[in-house]
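I have placed the structure first, in the form of structure tokens, so that the comments after it can refer back to it.
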Amino acid sequence: MQPLERYLRHLTVERGLSKNTLAAYGSDLARYLDYLEKKSTRPEQVSSNQVGDFAQQLTALGLKASSANRILAAVRGFHKFLVLEGIRDDDPATRLRPPKLPKRLPKALSQDQVTQLLSASGPEPEDEGADLIRLRDRAILELMYSTGARVSEIVALDLDEVNDSGLLRVRGKGSKERIVPVGSYAARSLNSYLIRTRPALARLRGERALFLNKLGGRLSRQSIWEIIQKAGSACNLEVSPHSLRHSFATHLIEGGADVRVVQELLGHASVATTQIYTLITVDTLREVYAQAHPRAQR
């Protein structure tokens, strides 16, 4: 059996990949093997320089960075497998560096769209006849937009991480903690959930989590995803948990917040990660300028 056939069988049996994914691997590696054949080289003999030449050829052909990355990922996996199986002793693809993907600007909602989404997620906290579960849903979305917390951070929140002074203790990546202020709208919604909804749910299991499901257990990431999707569908918006985080950061920057303050609020290890939001603001400034200035258009 040829090395490629063995590798594809390995992907089928060991990793359980779908037919479509296997077909993509097969097509990408067929391109690589065709290149090696033209060089009169087999996978067992190829050098790191030849692998690098193949990567350069993909760029020269004008492939998108995402397509080239996918092909090179298949090549790296293939050579790791050859070493694992003892077909060759070394891995010529270890130093292979895929082309950099262009930075994608996060998609943020407008402030009006955020308002629509929050209204669609559940009733106002003062609504005495409100459905109690929908009060919870509204509190979740209000808190996510108010703090910029990741969905995993919202799920991990315990009851004692919310205090009366309007601050939230968030446990982020790498178990790093940060303190984030909670805005008045989110505080009202959260308070309504804590007084009217959570006590009944907590009696079912005695869970420490801040946000509980209908059985009294900790709410899952998937459940929050579904809550956000349902609210988005109700107001014809394509949204995800990250949409609220991106909107939080973008609106702060647009409002004049210092990028290092936003970095701290988001829990980014590097300010470079946060600076992508300043690019959005620059684009917005250009657009407004082009539309408003009498001599902006030629």
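Following the order of the structure tokens, chains are lettered A, B, ..., residues in each are numbered from 1, and ligands are numbered from 1.
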_Quick one: residues within 12 Å of segment 109-123 of chain A, only C-alpha atoms, excluding same-chain residues fewer than 4 positions away - as a ChimeraX atom specification?_
/A:127-146,185-186,188-189,192-193,224,226-252,254-255,280,284
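Residues lying within 10 Å of segment 32-41 of chain A, counting only C-alpha atoms and ignoring same-chain neighbours fewer than 4 positions away, are Leu4, Gly26, Ser27, Asp28, Gln45, Val46, Ser47, Gln50, Val51, Asp53, Phe54, Ala55, Gln57, Ile71, Leu72, Ala74 and Val75 of chain A.
Here atom CA of Leu167 of chain A is placed at a distance of 16.2 Å from atom CA of Arg150 of chain A.
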*Filtered DSSP result for segment 19-246 of chain A, state alpha helix (DSSP H), as a count of residues only*: 123
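Of the residues listed (A:Arg70, A:Leu168, A:Gly256, A:Ala60), A:Arg70 shows the shortest atom-to-atom separation from Leu29 of chain A; distances use only C-alpha atoms.
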*Among segment 12-235 of chain A, which residues carry a DSSP assignment of strand (DSSP E), reported as a list in words?*
Leu167, Leu168, Arg169, Val170, Arg171, Glu177, Arg178, Ile179, Val180 and Pro181 of chain A
*Shell around Ala73 of chain A at 12 Å using only C-alpha atoms, local window under 2 positions removed, as a PyMOL selection string*: chain A and resi 24-25+28-29+32+55+65-71+75-80+93-94+96-99
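Of the listed residues A:Val259, A:Leu219, A:Leu265, A:Val13, the one whose atoms come nearest to Ala202 of chain A is A:Leu219, with distances taken using only C-alpha atoms.
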Selection: 9 Å around Ser152 of chain A, only C-alpha atoms, excl. self and same-chain fewer than 5 positions, as a PDB file with N, CA and C atoms, in the first residue's frame:
ATOM      1  N   LEU A 157     -18.555  31.691  35.495  1.00  0.00           N
ATOM      2  CA  LEU A 157     -18.832  32.591  36.617  1.00  0.00           C
ATOM      3  C   LEU A 157     -19.577  31.887  37.745  1.00  0.00           C
ATOM      4  N   GLY A 172     -10.148  34.430  33.106  1.00  0.00           N
ATOM      5  CA  GLY A 172      -9.911  34.338  31.675  1.00  0.00           C
ATOM      6  C   GLY A 172      -8.988  33.202  31.297  1.00  0.00           C
ATOM      7  N   SER A 220     -24.454  25.731  29.929  1.00  0.00           N
ATOM      8  CA  SER A 220     -23.339  25.357  29.057  1.00  0.00           C
ATOM      9  C   SER A 220     -23.083  26.415  27.997  1.00  0.00           C
ATOM     10  N   ARG A 221     -21.915  26.324  27.358  1.00  0.00           N
ATOM     11  CA  ARG A 221     -21.580  27.234  26.252  1.00  0.00           C
ATOM     12  C   ARG A 221     -22.576  27.065  25.118  1.00  0.00           C
TER      13      ARG A 221
END
_Atomic distance atom CA of Leu84 of chain A - atom CA of Tyr7 of chain A, expressed in Å with one decimal_ = 10.7 Å
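Distances from A:Val170, A:Asn49, A:Arg203, A:Glu44 to Gly216 of chain A were compared using only C-alpha atoms, and the smallest one belongs to A:Arg203.
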